[in-house]
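Please read the structure below before turning to the comments.
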Amino acid sequence: MMKFPGAYAEGSGSGVVGDGIGGLDDRDAVRPDGERLADGGDELFADDPSEEEGEDFFGEGAVGDGGGEEGMYEHFAVTADKGQSLLRIDKFLVHRMEHVSRARIQAAAEGGNILVNGVPVRSNYKVKPLDRVQIVMPYPRREVEIIAEDIPLNIVYEDDDLLVVDKEAGLVVHPGHGNYCGTLVNALTWHLRGAGDSDFASPENRVSKEEFEDMRAGLVHRIDKNTSGLLVVAKNVETHAHLAKQFFDHTVVRRYVALVWGNFAEDEGTVTGNIGRSRHDRLKMAVFPSESELPEGVEAEGKHAVTHWRVLRRYGYVTLLELRLETGRTHQIRVHAEHIGHPLFNDERYGGDRILKGTTFSKYKQFIENCFRLMPRHALHARSLGFVHPRTRQELYFESPLPADFTALLEKWDVYVASREAFEDEV
């Protein structure tokens with residue numbers, strides 16, 4: 001095993017749009033098992049593009065003689081196979097559109113945005129062989145264009161097939177609603193332009209919609225804007241397919257470091273719980289019971305998620321953890337940490353941006369406020385990344401040191417704990 005230390009143009013749209021099923025993408029993608037599907041969707045419905053924000057609709061123009069409403073535009077279409085068994089249309093589309101919730105599809109159906117053979121249908125409609133299924137919206141396709149930007153990147157490894165980036169906190173991974181430039185994809189487009197060894201390269205500063213789709217396809221996985229750490233990026237379609245299968249098979253090593261509120265009785269453990277969009281706050285994810293925890297016949301919400309944790313350092317009121325992902329869901333570590341009563345330190349979205357453990361002394365309150373200012377983001381870093389190189393079959397393993405703000409935060413807690421222990425010894 002080898003070990004290594006370690007923008008859209010104006011007018012393009014993304015994310016939630018209109019009253020339909022915003023965030024879907026009619027770009028063909030391929031699961032590791034070969035099934036073709038469309039990417040985008042459920043985890044892209046947040047208004048905040050820093051939180052895994054993403055794809056927009058693309059389409060081919062207004063619906064013509066299919067019988068749809070005048071002025072409606074096609075954004076996604078698929079024809080059922082000859083051997084298609086009767087299946088509710090919401091389930092049919094969930095299986096073909098990655099990261100799209102069934103509830104979101106049902107909402108689109110209720111809004112009249114899903115047509116079968118040109119006729120609007122409800123979510124309980126059962127798809128039959130050769131049915132033509134369309135998702136339509138009252139606005140035309142928005143052209144997508146990404147602008148290459150000379151943004152400094154910390155590339156810790158690169159060859160003809162892939163590169164590994166140590167992303168700094170604050171950098172959005174790919175363009176989305178409200179973030180049309182200044183993203184990792186903008187920076188990668190600049191870095192790869194004119195590179196003869198990349199399927200995603202372009203000699204120009206602007207990249208077309210098709211080239212942008214290819215470029216974004218190079219992103220095998222994502223991390224949130226305010227999470228720092230390692231990401232692998234494919235430079236050709238063969239590498240992307242091979243890496244995607246490794247992620248799908250859970251053979252990729254991904255370890256994170258996080259500072260969370262509270263202490264733990266055990267030194268290690270596992271959190272298991274389905275993750276899906278919160279019913280109460282659409283900007284958050286939530287944990288739902290798995291199918292085995294529900295009565296027979298009751299359908300589980302969310303998608304299966306597993307996070308393993310291990311204590312690295314105890315500070316009394318907060319704890320430093322190493323976390324290993326078995327699955328990769330939106331906000332997985334953050335929502336699992338909240339679920340077990342240990343939100344990430346200074347995680348505004350999941351309740352970690354206030355004092356949850358400690359004393360009522362004003363000095364302690366001031367100490368925590370100083371800590372929040374020192375690291376004004378959630379305390380999460382993607383520290384380790386390991387996978388098999390698609391071409392050489394060599395095992396690669398990368399580690400990223402904690403960034404300066406995280407290191408400074410831990411040093412501050414070290415000083416606090418030492419002074420507290422000294423005071424207790426004197427007493």
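Numbering starts fresh at 1 for the residues of each chain in the structure tokens, the chains themselves are lettered A, B, ... in the order given, and ligands are numbered from 1 as they appear.
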Report the residues of range 166-327 of chain A whose backbone DSSP state falls under helix (DSSP H, G or I), written as a ChimeraX atom specification.
/A:184-192,209-217,237-248,291-293
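Residue-level DSSP output for range 212-298 of chain A, from the backbone, shows strand (DSSP E) at Ser228, Gly229, Leu230, Leu231, Val232, Val233, Ala234, Val253, Arg254, Arg255, Tyr256, Val257, Ala258, Leu259, Val260, Trp261, Glu268, Gly269, Thr270, Val271, Thr272, Asn274, Ile275, Gly276, Arg277, Met285, Ala286, Val287 and Phe288 of chain A.
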Next, write the just-selected residues to a file, as a PDB file, in the first residue's frame, keeping C-alpha atoms as the atom set.
```pdb
ATOM      1  CA  SER A 228     -12.289  20.414   5.275  1.00  0.00           C
ATOM      2  CA  GLY A 229     -10.322  17.454   3.991  1.00  0.00           C
ATOM      3  CA  LEU A 230      -9.717  14.910   1.257  1.00  0.00           C
ATOM      4  CA  LEU A 231     -11.633  14.277  -1.974  1.00  0.00           C
ATOM      5  CA  VAL A 232     -10.745  12.063  -4.933  1.00  0.00           C
ATOM      6  CA  VAL A 233     -11.568  13.285  -8.448  1.00  0.00           C
ATOM      7  CA  ALA A 234     -11.602  11.077 -11.555  1.00  0.00           C
ATOM      8  CA  VAL A 253     -11.580   3.977   3.556  1.00  0.00           C
ATOM      9  CA  ARG A 254     -12.983   7.298   4.810  1.00  0.00           C
ATOM     10  CA  ARG A 255     -12.120   8.525   8.271  1.00  0.00           C
ATOM     11  CA  TYR A 256     -13.073  11.867   9.745  1.00  0.00           C
ATOM     12  CA  VAL A 257     -12.082  13.732  12.883  1.00  0.00           C
ATOM     13  CA  ALA A 258     -14.780  15.676  14.749  1.00  0.00           C
ATOM     14  CA  LEU A 259     -15.119  17.543  18.002  1.00  0.00           C
ATOM     15  CA  VAL A 260     -18.539  16.876  19.492  1.00  0.00           C
ATOM     16  CA  TRP A 261     -20.422  17.998  22.580  1.00  0.00           C
ATOM     17  CA  GLU A 268     -16.122   3.260  20.595  1.00  0.00           C
ATOM     18  CA  GLY A 269     -19.483   2.490  19.056  1.00  0.00           C
ATOM     19  CA  THR A 270     -21.703   2.469  15.973  1.00  0.00           C
ATOM     20  CA  VAL A 271     -24.659   4.624  14.967  1.00  0.00           C
ATOM     21  CA  THR A 272     -27.211   3.024  12.636  1.00  0.00           C
ATOM     22  CA  ASN A 274     -31.945   5.722   8.104  1.00  0.00           C
ATOM     23  CA  ILE A 275     -31.241   9.265   6.955  1.00  0.00           C
ATOM     24  CA  GLY A 276     -33.738  11.328   4.995  1.00  0.00           C
ATOM     25  CA  ARG A 277     -35.009  14.880   4.644  1.00  0.00           C
ATOM     26  CA  MET A 285     -31.624  15.745   7.397  1.00  0.00           C
ATOM     27  CA  ALA A 286     -33.059  13.502  10.099  1.00  0.00           C
ATOM     28  CA  VAL A 287     -32.799   9.923  11.359  1.00  0.00           C
ATOM     29  CA  PHE A 288     -35.751   7.581  10.789  1.00  0.00           C
TER      30      PHE A 288
END
```
Return the single residue from A:Gly83, A:Gly170, A:Gly297, A:Gly358 that is closest to His378 in chain A, with distances computed using only C-alpha atoms.
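So, comparing all the options, the nearest one is A:Gly170.
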Listing only residues of range 163-194 of chain A within 12 Å of range 402-405 of chain A, what is the closest atom pair and its distance in Å (to one decimal) for each, using only C-alpha atoms, sorted by chain and residue number ascending, as a Markdown table?
```
| residue | atom | partner | partner_atom | distance |
| --- | --- | --- | --- | --- |
| A:Asp166 | CA | A:Pro403 | CA | 10.1 |
| A:Lys167 | CA | A:Pro403 | CA | 10.1 |
| A:Glu168 | CA | A:Pro403 | CA | 8.0 |
| A:Ala169 | CA | A:Pro403 | CA | 8.8 |
```
Which polymer residues have any atom within 10 Å of an atom of Arg313 in chain A, counting only C-alpha atoms, with same-chain residues fewer than 3 positions away left out, as a PyMOL selection string?
chain A and resi 259+263+267+310+316+318-322+410+414
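For the set A:Thr79, A:Asn117, A:Asn186, A:Asn370, the residue with the smallest atom-to-atom gap to Lys412 in chain A is A:Asn370, counting only C-alpha atoms.
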Could you work out how far CA of Ala107 in chain A lies from CA of Asp281 in chain A, giving the answer in Å with one decimal?
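We find that CA of Asp281 in chain A and CA of Ala107 in chain A lie 16.5 Å from each other.
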Find, counting only C-alpha atoms, the residue in A:Val136, A:Tyr315, A:Asn154, A:Asp81 that gets nearest to Gly262 in chain A.
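Result for the nearest residue to Gly262 in chain A: A:Tyr315.
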Applying 7 Å and only C-alpha atoms, which residues near range 131-133 of chain A remain after dropping the ones on its own chain fewer than 4 positions away? List them as a VMD selection string.
chain A and resid 77 to 80 115 to 117 127
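Rounded to one decimal, CA of Asp249 in chain A and CA of Glu326 in chain A lie 9.6 Å from each other.
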